[in-house]
file structure.cif (mmCIF, C-alpha atoms and all ligand atoms)
data_run
#
loop_
_atom_site.label_atom_id
_atom_site.label_comp_id
_atom_site.auth_asym_id
_atom_site.auth_seq_id
_atom_site.Cartn_x
_atom_site.Cartn_y
_atom_site.Cartn_z
CA MET A 1 -27.84 0.37 20.28
CA THR A 2 -28.41 -2.61 18.03
CA PRO A 3 -25.27 -4.77 17.63
CA ARG A 4 -23.37 -3.99 14.42
CA ARG A 5 -24.63 -5.94 11.46
CA LYS A 6 -21.97 -8.31 10.17
CA THR A 7 -20.79 -7.51 6.65
CA ARG A 8 -18.05 -8.85 4.41
CA ARG A 9 -14.56 -7.80 5.39
CA MET A 10 -12.38 -5.90 2.95
CA HIS A 11 -9.49 -3.46 3.20
CA ILE A 12 -8.81 0.04 1.93
CA GLY A 13 -5.04 -0.03 1.94
CA GLY A 14 -4.22 -1.01 5.52
CA VAL A 15 -7.61 0.04 6.89
CA PRO A 16 -10.00 -2.85 7.54
CA LEU A 17 -13.60 -2.24 6.54
CA GLY A 18 -16.68 -4.30 7.30
CA GLY A 19 -16.97 -7.44 9.38
CA ASP A 20 -16.30 -6.40 12.94
CA ALA A 21 -13.86 -3.62 12.00
CA PRO A 22 -14.43 -0.22 13.65
CA VAL A 23 -16.54 2.23 11.66
CA VAL A 24 -14.18 4.01 9.26
CA ILE A 25 -14.26 7.82 8.92
CA GLN A 26 -13.89 9.17 5.40
CA SER A 27 -13.80 12.63 3.94
CA MET A 28 -13.07 14.14 0.56
CA THR A 29 -10.67 16.85 -0.47
CA SER A 30 -12.07 20.07 -1.88
CA THR A 31 -8.86 20.95 -3.73
CA TYR A 32 -8.09 20.37 -7.39
CA THR A 33 -6.41 16.99 -7.25
CA TYR A 34 -3.84 18.05 -9.84
CA ASP A 35 -2.66 20.64 -7.30
CA VAL A 36 -0.53 18.13 -5.44
CA ASP A 37 0.72 20.42 -2.66
CA ALA A 38 -2.74 21.75 -1.78
CA THR A 39 -4.28 18.28 -1.94
CA VAL A 40 -1.59 16.68 0.20
CA ALA A 41 -1.87 19.52 2.74
CA GLN A 42 -5.61 18.94 3.03
CA ILE A 43 -5.23 15.16 3.25
CA ARG A 44 -2.72 15.62 6.07
CA ALA A 45 -5.03 18.03 7.90
CA LEU A 46 -7.91 15.54 7.65
CA ALA A 47 -5.74 12.60 8.70
CA GLY A 48 -4.41 14.62 11.63
CA LEU A 49 -7.96 15.02 12.90
CA GLY A 50 -8.67 11.31 12.74
CA CYS A 51 -9.86 10.75 9.18
CA ASP A 52 -9.05 7.14 8.24
CA VAL A 53 -9.47 7.35 4.45
CA VAL A 54 -9.58 10.31 2.05
CA ARG A 55 -11.27 10.45 -1.36
CA VAL A 56 -10.09 12.71 -4.15
CA ALA A 57 -11.91 13.74 -7.31
CA THR A 58 -10.36 12.62 -10.60
CA PRO A 59 -12.34 14.31 -13.37
CA GLU A 60 -9.34 14.88 -15.66
CA LYS A 61 -6.24 13.06 -16.73
CA ARG A 62 -4.06 15.63 -14.99
CA ASP A 63 -5.77 14.56 -11.74
CA THR A 64 -4.92 10.89 -12.13
CA GLN A 65 -1.41 11.91 -13.22
CA ALA A 66 -1.02 13.66 -9.86
CA LEU A 67 -2.02 10.56 -7.90
CA PRO A 68 1.44 8.91 -7.59
CA ALA A 69 2.88 12.05 -5.95
CA ILE A 70 -0.16 12.33 -3.66
CA LEU A 71 -0.04 8.66 -2.71
CA GLU A 72 3.64 8.92 -1.90
CA GLN A 73 2.97 11.68 0.63
CA SER A 74 -0.41 10.65 2.01
CA PRO A 75 -0.52 9.26 5.57
CA VAL A 76 -3.85 7.52 4.86
CA PRO A 77 -5.30 5.39 2.04
CA ILE A 78 -6.64 7.28 -0.95
CA VAL A 79 -9.84 6.60 -2.89
CA ALA A 80 -10.30 7.90 -6.44
CA ASP A 81 -13.74 9.30 -7.16
CA VAL A 82 -14.61 8.52 -10.76
CA HIS A 83 -17.55 9.71 -12.82
CA PHE A 84 -18.31 9.45 -16.55
CA HIS A 85 -14.84 8.38 -17.73
CA PHE A 86 -13.94 4.78 -16.99
CA GLN A 87 -10.41 5.53 -18.24
CA ARG A 88 -9.91 7.69 -15.12
CA ALA A 89 -10.67 4.59 -13.05
CA LEU A 90 -8.04 2.57 -14.92
CA GLU A 91 -5.48 5.38 -14.59
CA ALA A 92 -6.21 5.70 -10.86
CA VAL A 93 -5.84 1.96 -10.37
CA THR A 94 -2.54 1.98 -12.22
CA ALA A 95 -1.38 4.93 -10.08
CA GLY A 96 -1.90 2.76 -7.01
CA VAL A 97 -5.01 4.14 -5.29
CA HIS A 98 -6.46 1.98 -2.54
CA LYS A 99 -10.05 1.97 -3.78
CA ILE A 100 -12.16 3.57 -6.46
CA ARG A 101 -15.70 4.82 -6.46
CA LEU A 102 -17.95 4.20 -9.45
CA ASN A 103 -21.36 5.73 -10.01
CA PRO A 104 -23.77 3.40 -11.86
CA GLY A 105 -25.58 6.51 -13.03
CA ASN A 106 -22.73 7.58 -15.29
CA ILE A 107 -20.49 4.55 -15.94
CA SER A 108 -22.85 1.82 -16.99
CA ASP A 109 -21.34 0.26 -20.12
CA ARG A 110 -20.91 -3.42 -19.33
CA GLN A 111 -17.55 -3.81 -21.05
CA GLN A 112 -16.17 -0.74 -19.33
CA VAL A 113 -17.31 -1.93 -15.91
CA ASP A 114 -15.85 -5.40 -16.58
CA THR A 115 -12.54 -3.79 -17.51
CA VAL A 116 -12.44 -1.73 -14.32
CA ILE A 117 -13.33 -4.76 -12.20
CA ARG A 118 -10.51 -6.76 -13.82
CA ALA A 119 -8.02 -3.96 -13.16
CA CYS A 120 -9.08 -3.69 -9.50
CA ARG A 121 -8.87 -7.44 -9.04
CA GLU A 122 -5.31 -7.46 -10.44
CA ARG A 123 -4.31 -4.75 -7.96
CA GLY A 124 -6.29 -6.27 -5.09
CA ILE A 125 -8.32 -3.13 -4.42
CA GLY A 126 -12.01 -2.62 -3.79
CA ILE A 127 -14.71 -0.62 -5.52
CA ARG A 128 -17.47 1.46 -4.02
CA VAL A 129 -20.67 1.37 -5.98
CA GLY A 130 -22.41 4.56 -5.04
CA VAL A 131 -25.88 5.42 -6.24
CA ASN A 132 -26.87 8.97 -5.61
CA GLU A 133 -30.20 10.74 -5.78
CA GLY A 134 -28.76 13.34 -8.16
CA SER A 135 -27.81 10.81 -10.84
CA ILE A 136 -30.23 7.96 -10.24
CA VAL A 137 -32.78 8.81 -12.93
CA GLU A 138 -31.88 7.51 -16.40
CA ARG A 139 -30.39 10.22 -18.62
CA ARG A 140 -29.47 8.56 -21.90
CA ASP A 141 -32.58 6.48 -22.66
CA LYS A 142 -35.32 9.10 -23.04
CA ASP A 143 -38.22 6.60 -22.89
CA LEU A 144 -36.90 5.00 -19.73
CA ARG A 145 -36.28 8.44 -18.25
CA ALA A 146 -39.91 9.37 -18.89
CA VAL A 147 -41.11 6.17 -17.19
CA GLU A 148 -38.90 6.75 -14.14
CA LEU A 149 -39.86 10.42 -13.81
CA ASN A 150 -43.51 9.55 -14.22
CA ALA A 151 -43.35 6.97 -11.43
CA MET A 152 -41.52 9.49 -9.28
CA ALA A 153 -44.29 12.03 -9.76
CA THR A 154 -46.83 9.90 -7.87
CA ASP A 155 -44.77 8.96 -4.80
CA ARG A 156 -41.30 10.41 -5.15
CA ARG A 157 -39.93 9.04 -1.90
CA ALA A 158 -41.00 5.43 -2.38
CA HIS A 159 -39.94 5.38 -6.04
CA MET A 160 -36.60 6.96 -5.27
CA ILE A 161 -35.82 4.20 -2.77
CA ARG A 162 -37.08 1.50 -5.15
CA LEU A 163 -34.97 2.93 -7.97
CA MET A 164 -31.86 3.08 -5.79
CA VAL A 165 -32.23 -0.54 -4.74
CA GLU A 166 -33.02 -1.71 -8.29
CA LYS A 167 -30.05 0.10 -9.83
CA LEU A 168 -27.75 -1.29 -7.18
CA GLU A 169 -29.05 -4.81 -7.82
CA GLN A 170 -28.54 -4.44 -11.59
CA TYR A 171 -25.05 -3.00 -11.22
CA LEU A 172 -23.93 -5.43 -8.56
CA ALA A 173 -25.01 -8.31 -10.80
CA ILE A 174 -22.04 -7.37 -13.01
CA PHE A 175 -19.73 -7.72 -10.02
CA GLU A 176 -21.31 -11.07 -9.10
CA ASP A 177 -20.82 -12.27 -12.69
CA ASN A 178 -17.16 -11.34 -12.34
CA ASP A 179 -16.99 -13.12 -8.96
CA PHE A 180 -15.72 -9.84 -7.53
CA HIS A 181 -16.72 -9.15 -3.95
CA ASP A 182 -14.43 -6.39 -2.68
CA VAL A 183 -17.37 -4.06 -2.89
CA VAL A 184 -18.74 -1.27 -0.70
CA ILE A 185 -22.14 0.20 -1.45
CA SER A 186 -23.86 3.49 -0.79
CA ALA A 187 -27.24 5.04 -1.56
CA LYS A 188 -27.20 8.75 -0.83
CA SER A 189 -29.98 11.29 -0.88
CA ILE A 190 -30.32 14.82 0.42
CA ASP A 191 -33.39 13.62 2.34
CA PRO A 192 -32.31 11.82 5.53
CA THR A 193 -35.56 9.85 5.66
CA ILE A 194 -34.86 8.48 2.17
CA CYS A 195 -31.31 7.63 3.24
CA ILE A 196 -32.55 5.80 6.32
CA ASP A 197 -35.04 3.65 4.40
CA ALA A 198 -32.75 3.10 1.42
CA TYR A 199 -29.87 1.90 3.62
CA ARG A 200 -32.25 -0.29 5.65
CA ALA A 201 -33.42 -1.87 2.39
CA ILE A 202 -29.96 -2.46 0.95
CA SER A 203 -28.61 -3.78 4.25
CA GLU A 204 -31.29 -6.49 4.09
CA ARG A 205 -30.42 -7.41 0.50
CA PHE A 206 -26.62 -7.32 0.51
CA ASP A 207 -23.87 -8.29 2.91
CA TYR A 208 -21.35 -5.85 1.42
CA PRO A 209 -20.07 -3.16 3.78
CA LEU A 210 -22.11 0.04 3.66
CA HIS A 211 -20.76 3.54 3.16
CA LEU A 212 -23.22 5.94 4.82
CA GLY A 213 -23.72 9.53 3.76
CA VAL A 214 -26.24 12.26 3.05
CA THR A 215 -25.45 13.94 -0.23
CA HIS A 216 -25.20 17.70 -0.89
CA ALA A 217 -26.28 18.32 2.70
CA GLY A 218 -25.36 22.01 2.64
CA PRO A 219 -23.31 24.07 5.08
CA PRO A 220 -22.57 22.63 8.54
CA GLU A 221 -25.24 24.80 10.17
CA THR A 222 -28.01 22.92 8.35
CA GLY A 223 -26.20 19.96 6.82
CA ARG A 224 -25.22 18.77 10.28
CA ILE A 225 -28.86 18.07 11.18
CA ARG A 226 -29.54 16.24 7.92
CA SER A 227 -26.40 14.14 8.17
CA ILE A 228 -26.59 13.24 11.84
CA THR A 229 -30.30 12.40 11.63
CA ALA A 230 -29.62 9.74 9.01
CA LEU A 231 -26.24 8.49 10.15
CA ALA A 232 -27.05 8.31 13.86
CA THR A 233 -30.31 6.46 13.18
CA LEU A 234 -28.62 3.90 10.97
CA LEU A 235 -25.56 3.44 13.17
CA ALA A 236 -27.79 2.96 16.22
CA GLU A 237 -29.53 0.19 14.25
CA GLY A 238 -26.17 -1.48 13.63
CA ILE A 239 -26.10 -0.38 9.97
CA GLY A 240 -23.00 1.22 8.46
CA ASP A 241 -19.32 0.36 8.15
CA THR A 242 -17.89 3.67 7.00
CA ILE A 243 -19.27 7.21 7.14
CA ARG A 244 -18.72 10.38 5.20
CA ILE A 245 -20.38 13.53 6.41
CA SER A 246 -20.39 16.06 3.58
CA TYR A 247 -20.60 19.81 4.06
CA ALA A 248 -20.28 22.85 1.84
CA ALA A 249 -17.32 23.94 3.94
CA ASP A 250 -13.77 23.03 4.84
CA PRO A 251 -13.82 19.22 5.10
CA VAL A 252 -12.18 19.35 8.54
CA TYR A 253 -15.71 19.97 9.89
CA GLU A 254 -16.80 16.70 8.33
CA VAL A 255 -14.14 14.77 10.21
CA GLU A 256 -14.71 16.59 13.50
CA ASP A 257 -18.42 15.83 13.39
CA ALA A 258 -17.96 12.25 12.20
CA LYS A 259 -15.55 11.60 15.05
CA GLU A 260 -17.87 13.17 17.62
CA LEU A 261 -20.81 11.17 16.30
CA LEU A 262 -18.94 7.88 16.61
CA CYS A 263 -17.70 8.83 20.09
CA VAL A 264 -21.13 9.73 21.46
CA LEU A 265 -22.54 6.49 20.04
CA GLY A 266 -19.76 4.53 21.70
CA LEU A 267 -18.42 3.35 18.33
CA ARG A 268 -15.01 4.97 18.72
CA ASN A 269 -12.86 5.64 21.76
CA ARG A 270 -12.36 9.31 22.41
CA GLN A 271 -8.74 10.41 22.04
CA GLU A 272 -9.07 14.07 22.93
CA PRO A 273 -10.74 15.99 25.77
CA GLU A 274 -14.51 15.97 25.98
CA LEU A 275 -16.14 19.30 26.81
CA ILE A 276 -19.41 19.64 28.67
CA ALA A 277 -20.89 23.11 29.10
CA CYS A 278 -24.17 24.46 30.34
CA PRO A 279 -26.36 26.35 27.87
CA THR A 280 -26.47 29.39 30.21
CA CYS A 281 -29.68 30.96 31.49
CA GLY A 282 -30.86 33.94 33.50
CA ARG A 283 -28.67 32.85 36.39
CA ILE A 284 -25.43 33.34 34.49
CA GLU A 285 -23.03 35.91 35.90
CA ILE A 286 -19.99 35.53 33.64
CA ASP A 287 -19.44 35.51 29.87
CA LEU A 288 -19.65 31.73 29.70
CA ILE A 289 -20.24 31.42 25.95
CA THR A 290 -16.96 33.18 25.18
CA LEU A 291 -15.21 31.15 27.87
CA VAL A 292 -16.47 27.83 26.48
CA ALA A 293 -15.28 28.67 22.96
CA ALA A 294 -11.86 29.60 24.32
CA VAL A 295 -11.66 26.46 26.48
CA ARG A 296 -12.52 24.31 23.46
CA ARG A 297 -9.70 25.85 21.42
CA LYS A 298 -7.22 25.59 24.26
CA LEU A 299 -8.01 21.96 25.09
CA ALA A 300 -7.27 20.92 21.50
CA ASP A 301 -3.58 20.41 22.25
CA ILE A 302 -4.26 17.89 25.05
CA LYS A 303 -4.07 14.33 23.73
CA THR A 304 -5.79 12.62 26.64
CA PRO A 305 -9.60 12.26 26.75
CA VAL A 306 -10.04 14.27 29.93
CA LYS A 307 -13.68 15.20 30.54
CA VAL A 308 -13.95 18.92 31.25
CA ALA A 309 -17.09 20.74 32.42
CA VAL A 310 -17.73 24.47 32.28
CA MET A 311 -20.85 25.28 34.28
CA GLY A 312 -22.50 28.65 34.68
CA CYS A 313 -23.54 28.38 38.32
CA VAL A 314 -23.88 26.09 41.29
CA VAL A 315 -27.62 25.45 40.92
CA ASN A 316 -27.56 22.56 38.45
CA GLY A 317 -23.86 22.64 37.66
CA PRO A 318 -22.65 19.99 40.11
CA GLY A 319 -25.24 17.44 39.04
CA GLU A 320 -24.74 18.10 35.36
CA ALA A 321 -20.96 18.01 35.67
CA GLU A 322 -20.96 14.62 37.36
CA GLY A 323 -18.51 12.39 35.60
CA ALA A 324 -16.26 15.28 34.63
CA ASP A 325 -12.61 14.95 35.58
CA VAL A 326 -12.09 18.70 35.71
CA ALA A 327 -14.91 21.20 36.24
CA VAL A 328 -15.40 24.87 36.86
CA PHE A 329 -18.52 26.35 38.47
CA ALA A 330 -18.85 30.02 37.78
CA GLY A 331 -20.44 32.74 39.83
CA LYS A 332 -20.24 36.49 39.96
CA GLY A 333 -16.84 37.15 38.43
CA LYS A 334 -15.33 34.01 39.97
CA GLY A 335 -15.07 30.28 39.43
CA ILE A 336 -14.46 27.29 41.67
CA ILE A 337 -12.43 24.52 40.05
CA TYR A 338 -12.80 20.85 40.93
CA VAL A 339 -10.58 17.95 39.86
CA GLN A 340 -12.33 14.59 40.22
CA GLY A 341 -14.50 15.91 43.00
CA GLU A 342 -11.73 17.71 44.91
CA GLN A 343 -11.98 21.48 45.07
CA THR A 344 -8.59 22.77 43.96
CA ARG A 345 -8.92 26.51 43.62
CA THR A 346 -11.10 29.58 43.28
CA VAL A 347 -10.12 31.99 40.52
CA SER A 348 -11.33 35.25 39.04
CA GLU A 349 -13.21 35.27 35.72
CA ASP A 350 -10.10 36.61 33.98
CA ASP A 351 -8.01 33.68 35.22
CA MET A 352 -10.63 31.00 34.67
CA LEU A 353 -9.47 29.92 31.21
CA ASP A 354 -5.79 29.55 32.10
CA ALA A 355 -6.51 27.95 35.46
CA LEU A 356 -8.91 25.41 34.00
CA TYR A 357 -6.43 24.57 31.25
CA GLU A 358 -3.59 24.17 33.76
CA GLU A 359 -5.70 21.82 35.87
CA ALA A 360 -6.71 19.82 32.78
CA VAL A 361 -3.09 19.53 31.62
CA ALA A 362 -1.90 18.54 35.11
CA PHE A 363 -4.63 15.93 35.39
CA ALA A 364 -3.86 14.56 31.90
CA GLU A 365 -0.19 14.26 32.86
CA ARG A 366 -1.15 12.36 36.01
CA VAL A 367 -3.21 10.01 33.85
CA GLU A 368 -0.28 9.52 31.48
CA ARG A 369 2.00 8.72 34.43
CA GLY A 370 -0.50 6.18 35.74
CA GLU A 371 -1.23 8.24 38.85
CA ALA A 372 -4.87 8.89 38.00
CA THR A 373 -7.54 7.18 35.92
CA LEU A 374 -10.02 8.95 33.68
CA GLY A 375 -13.53 9.07 35.07
CA SER A 376 -12.62 6.58 37.73
CA ALA A 377 -12.68 8.58 40.92
CA PRO A 378 -16.15 8.58 42.33
CA VAL A 379 -17.14 12.05 41.28
CA ASN A 380 -19.01 13.41 44.19
CA ILE A 381 -19.04 17.11 43.69
CA VAL A 382 -20.63 18.85 46.61
CA PRO A 383 -22.35 22.01 45.42
CA PRO A 384 -20.04 24.80 46.45
CA GLU A 385 -21.35 27.64 48.55
CA PRO A 386 -22.96 30.22 46.31
CA LEU A 387 -20.41 32.77 45.27
CA PRO A 388 -21.28 36.14 46.79
CA ARG A 389 -21.78 39.20 44.68
CA SER A 390 -19.23 41.98 44.93
CA ASP A 391 -21.43 43.70 47.55
CA GLY A 392 -21.43 40.53 49.66
CA SER A 393 -25.04 39.53 48.90
CA LEU A 394 -25.89 36.08 47.58
CA PRO A 395 -27.23 35.69 44.03
CA LEU A 396 -31.03 35.89 44.18
CA THR A 397 -31.39 32.71 42.15
CA VAL A 398 -29.35 30.63 44.56
CA LEU A 399 -30.93 29.87 47.88
CA PRO A 400 -28.52 29.89 50.82
CA GLY A 401 -27.69 26.32 51.68
CA ALA A 402 -29.19 24.97 48.43
S1 LIG B 501 -25.64 25.63 35.18
FE1 LIG B 501 -26.64 27.41 36.09
S2 LIG B 501 -26.32 29.08 34.60
FE2 LIG B 501 -25.93 27.15 33.52
S3 LIG B 501 -27.92 26.69 32.59
FE3 LIG B 501 -27.78 25.53 34.53
S4 LIG B 501 -28.82 26.88 36.00
FE4 LIG B 501 -28.33 28.17 34.19
#

call {"tool": "encode", "arguments": {"input": "structure.cif", "output": "structure tokens", "more": "lines below"}}
Ligand code: SF4
result
Amino acid sequence: MTPRRKTRRMHIGGVPLGGDAPVVIQSMTSTYTYDVDATVAQIRALAGLGCDVVRVATPEKRDTQALPAILEQSPVPIVADVHFHFQRALEAVTAGVHKIRLNPGNISDRQQVDTVIRACRERGIGIRVGVNEGSIVERRDKDLRAVELNAMATDRRAHMIRLMVEKLEQYLAIFEDNDFHDVVISAKSIDPTICIDAYRAISERFDYPLHLGVTHAGPPETGRIRSITALATLLAEGIGDTIRISYAADPVYEVEDAKELLCVLGLRNRQEPELIACPTCGRIEIDLITLVAAVRRKLADIKTPVKVAVMGCVVNGPGEAEGADVAVFAGKGKGIIYVQGEQTRTVSEDDMLDALYEEAVAFAERVERGEATLGSAPVNIVPPEPLPRSDGSLPLTVLPGA
């Protein structure tokens, strides 16, 4: 991991962004913003999962009119997403949002941008300038559009990145002229390799905090790969101050994946249990896939980052579960449970879920009482004896004494 690149510090409401602040998780509601109850419910769900900041779309006046009621009930800062109508930006600022997002591709009139900057300065809030592959090519000026599309035809990737950087430079010059520096920038593409190179380029040119994201990435099943490829690469290079993973799905998946990404990169401390599970193979003798899904759901109500391992057998299980606080090693219809290296019980397959959960809860409570420390006990799990089959024979894949 490359040390985080130092950027300017700003705030979104009470959330620090940039400088040495932790990477901020953002998401966006998929509700109609004018539907206050639905929007607030989704904001609360996202915040409950660990989302630090939530963005809402404000295409119409009835959306900005709903903002005061939303802001009053929101547990996290709110960003207004503005396209085409600079008046929506002014209305959102007046309503009290904590940041706005402008797209240079559709609000480019100098006087309008100056007016929005002045309004944000008066309220002490920041602006994200977000260029996006979908709106980067000039639309109004037909001659310029032809030039840009023509250049794109020869080497689309290189010209897309060049265009993103150029448009950011032109737009940010307006902010510099206004001596306004509470700015976050983003350059999103559907292509993670374009995102990686575009963000690398803008991180060299500007010291504003960077908002990372892959745009219109698709459903989680495919969008996850696109998003994590770009975001993990950049974050590992020390680039990025806030992330938004975007899926064509319930935005809770965005927050879950963003949180997991930051945890595995060591950029955020885990607050909830971590689950390790083997992928299963021809040695498996229980329905481990179903068990793992059930364990994941059940662990969700534990608020201590206990590391739990669910392993399909004793062949590789003990080695792969090293570091787990609580682990189960399954065999033919049975499982042996360990807590920090101590064997605590052997249970039937039917009881495995409840028993593992009980051990995880009991261990978490010991941690909370200061009687145990997460991951601290030297985990020295001795491979248990192979569990015999119901007829008393040993599994063929496990050598006696292995
Ligand atoms: S732990 Fe056992 S069952 Fe699971 S993948 Fe490894 S060898 Fe296969």

call {"tool": "residues_near_ligand", "arguments": {"input": "structure.cif", "ligand": "ligand LIG 501 (chain B)", "cutoff": "9 Å", "atoms": "all atoms listed in the file", "output": "NGL selection string"}}
result
:A and (277-285 or 288 or 310-318 or 320-321 or 329-331 or 397)

call {"tool": "atom_distance", "arguments": {"input": "structure.cif", "atom1": "atom CA of A:Phe363", "atom2": "atom CA of A:Lys334"}}
result
21.5 Å

call {"tool": "closest_residue", "arguments": {"input": "structure.cif", "among": "A:Met1, A:Ala201, A:Val252, A:Met152", "to": "A:Leu267", "atoms": "only C-alpha atoms"}}
result
A:Met1

call {"tool": "residues_around", "arguments": {"input": "structure.cif", "residues": "A:Ala119", "least_positions_apart": "2", "cutoff": "12 Å", "atoms": "all atoms listed in the file", "output": "PyMOL selection string"}}
result
chain A and resi 86-97+99-100+112-117+121-127+178+180

call {"tool": "closest_residue", "arguments": {"input": "structure.cif", "among": "A:Thr373, A:Gln343, A:Asn132, A:Thr242", "to": "A:Val306", "atoms": "all atoms listed in the file"}}
result
A:Thr373

call {"tool": "residues_near_point", "arguments": {"input": "structure.cif", "point": "(-10.2, 15.8, -5.7)", "cutoff": "9 Å", "atoms": "all atoms listed in the file", "output": "compact mmCIF listing (two decimals) with C-alpha atoms, in the coordinates of the input"}}
result
# COMPACT_ATOMS: atom_id res chain seq x y z
CA MET A 28 -13.07 14.14 0.56
CA THR A 29 -10.67 16.85 -0.47
CA SER A 30 -12.07 20.07 -1.88
CA THR A 31 -8.86 20.95 -3.73
CA TYR A 32 -8.09 20.37 -7.39
CA THR A 33 -6.41 16.99 -7.25
CA TYR A 34 -3.84 18.05 -9.84
CA THR A 39 -4.28 18.28 -1.94
CA ARG A 55 -11.27 10.45 -1.36
CA VAL A 56 -10.09 12.71 -4.15
CA ALA A 57 -11.91 13.74 -7.31
CA THR A 58 -10.36 12.62 -10.60
CA PRO A 59 -12.34 14.31 -13.37
CA ASP A 63 -5.77 14.56 -11.74
CA ALA A 80 -10.30 7.90 -6.44
CA ASP A 81 -13.74 9.30 -7.16

call {"tool": "closest_residue", "arguments": {"input": "structure.cif", "among": "A:Gly48, A:Pro22, A:Gly335, A:Pro305", "to": "A:Asp354", "atoms": "all atoms listed in the file"}}
result
A:Gly335

call {"tool": "residues_around", "arguments": {"input": "structure.cif", "residues": "A:Leu168", "least_positions_apart": "5", "cutoff": "12 Å", "atoms": "all atoms listed in the file", "output": "PDB file with C-alpha atoms, in the coordinates of the input"}}
result
ATOM      1  CA  LEU A 102     -17.950   4.200  -9.450  1.00  0.00           C
ATOM      2  CA  ASN A 103     -21.360   5.730 -10.010  1.00  0.00           C
ATOM      3  CA  PRO A 104     -23.770   3.400 -11.860  1.00  0.00           C
ATOM      4  CA  GLY A 105     -25.580   6.510 -13.030  1.00  0.00           C
ATOM      5  CA  SER A 108     -22.850   1.820 -16.990  1.00  0.00           C
ATOM      6  CA  ARG A 128     -17.470   1.460  -4.020  1.00  0.00           C
ATOM      7  CA  VAL A 129     -20.670   1.370  -5.980  1.00  0.00           C
ATOM      8  CA  GLY A 130     -22.410   4.560  -5.040  1.00  0.00           C
ATOM      9  CA  VAL A 131     -25.880   5.420  -6.240  1.00  0.00           C
ATOM     10  CA  ASN A 132     -26.870   8.970  -5.610  1.00  0.00           C
ATOM     11  CA  ILE A 136     -30.230   7.960 -10.240  1.00  0.00           C
ATOM     12  CA  ILE A 161     -35.820   4.200  -2.770  1.00  0.00           C
ATOM     13  CA  ARG A 162     -37.080   1.500  -5.150  1.00  0.00           C
ATOM     14  CA  LEU A 163     -34.970   2.930  -7.970  1.00  0.00           C
ATOM     15  CA  ALA A 173     -25.010  -8.310 -10.800  1.00  0.00           C
ATOM     16  CA  ILE A 174     -22.040  -7.370 -13.010  1.00  0.00           C
ATOM     17  CA  PHE A 175     -19.730  -7.720 -10.020  1.00  0.00           C
ATOM     18  CA  GLU A 176     -21.310 -11.070  -9.100  1.00  0.00           C
ATOM     19  CA  VAL A 183     -17.370  -4.060  -2.890  1.00  0.00           C
ATOM     20  CA  VAL A 184     -18.740  -1.270  -0.700  1.00  0.00           C
ATOM     21  CA  ILE A 185     -22.140   0.200  -1.450  1.00  0.00           C
ATOM     22  CA  SER A 186     -23.860   3.490  -0.790  1.00  0.00           C
ATOM     23  CA  ALA A 187     -27.240   5.040  -1.560  1.00  0.00           C
ATOM     24  CA  LYS A 188     -27.200   8.750  -0.830  1.00  0.00           C
ATOM     25  CA  ALA A 198     -32.750   3.100   1.420  1.00  0.00           C
ATOM     26  CA  TYR A 199     -29.870   1.900   3.620  1.00  0.00           C
ATOM     27  CA  ALA A 201     -33.420  -1.870   2.390  1.00  0.00           C
ATOM     28  CA  ILE A 202     -29.960  -2.460   0.950  1.00  0.00           C
ATOM     29  CA  SER A 203     -28.610  -3.780   4.250  1.00  0.00           C
ATOM     30  CA  ARG A 205     -30.420  -7.410   0.500  1.00  0.00           C
ATOM     31  CA  PHE A 206     -26.620  -7.320   0.510  1.00  0.00           C
ATOM     32  CA  TYR A 208     -21.350  -5.850   1.420  1.00  0.00           C
TER      33      TYR A 208
END

call {"tool": "atom_distance", "arguments": {"input": "structure.cif", "atom1": "atom CA of A:Gly333", "atom2": "atom CA of A:Ile289"}}
result
14.1 Å

call {"tool": "closest_residue", "arguments": {"input": "structure.cif", "among": "A:Gly375, A:Asp350, A:Gln65, A:Glu166", "to": "A:Ile286", "atoms": "all atoms listed in the file"}}
result
A:Asp350

call {"tool": "decode", "arguments": {"input": "structure.cif", "residues": "stretch 229-252 of chain A", "atoms": "C-alpha atoms", "output": "PDB file, in the first residue's frame"}}
result
ATOM      1  CA  THR A 229     -10.785  -3.173  -9.971  1.00  0.00           C
ATOM      2  CA  ALA A 230     -10.592   0.606 -10.276  1.00  0.00           C
ATOM      3  CA  LEU A 231     -11.127   1.625  -6.678  1.00  0.00           C
ATOM      4  CA  ALA A 232      -8.822  -0.955  -5.115  1.00  0.00           C
ATOM      5  CA  THR A 233      -6.031  -0.117  -7.562  1.00  0.00           C
ATOM      6  CA  LEU A 234      -6.293   3.593  -6.880  1.00  0.00           C
ATOM      7  CA  LEU A 235      -6.693   3.276  -3.119  1.00  0.00           C
ATOM      8  CA  ALA A 236      -3.679   0.951  -2.967  1.00  0.00           C
ATOM      9  CA  GLU A 237      -1.729   3.706  -4.750  1.00  0.00           C
ATOM     10  CA  GLY A 238      -2.799   6.191  -2.073  1.00  0.00           C
ATOM     11  CA  ILE A 239      -5.293   7.911  -4.411  1.00  0.00           C
ATOM     12  CA  GLY A 240      -8.845   8.663  -3.288  1.00  0.00           C
ATOM     13  CA  ASP A 241     -10.495  10.461  -0.392  1.00  0.00           C
ATOM     14  CA  THR A 242     -14.095   9.336  -0.791  1.00  0.00           C
ATOM     15  CA  ILE A 243     -15.641   6.423  -2.682  1.00  0.00           C
ATOM     16  CA  ARG A 244     -18.999   5.682  -4.178  1.00  0.00           C
ATOM     17  CA  ILE A 245     -19.621   2.252  -5.576  1.00  0.00           C
ATOM     18  CA  SER A 246     -22.653   2.399  -7.854  1.00  0.00           C
ATOM     19  CA  TYR A 247     -24.853  -0.568  -8.696  1.00  0.00           C
ATOM     20  CA  ALA A 248     -28.123  -1.093 -10.509  1.00  0.00           C
ATOM     21  CA  ALA A 249     -29.566  -2.455  -7.274  1.00  0.00           C
ATOM     22  CA  ASP A 250     -30.554  -1.464  -3.769  1.00  0.00           C
ATOM     23  CA  PRO A 251     -27.823   0.986  -2.683  1.00  0.00           C
ATOM     24  CA  VAL A 252     -27.247  -0.966   0.539  1.00  0.00           C
TER      25      VAL A 252
END
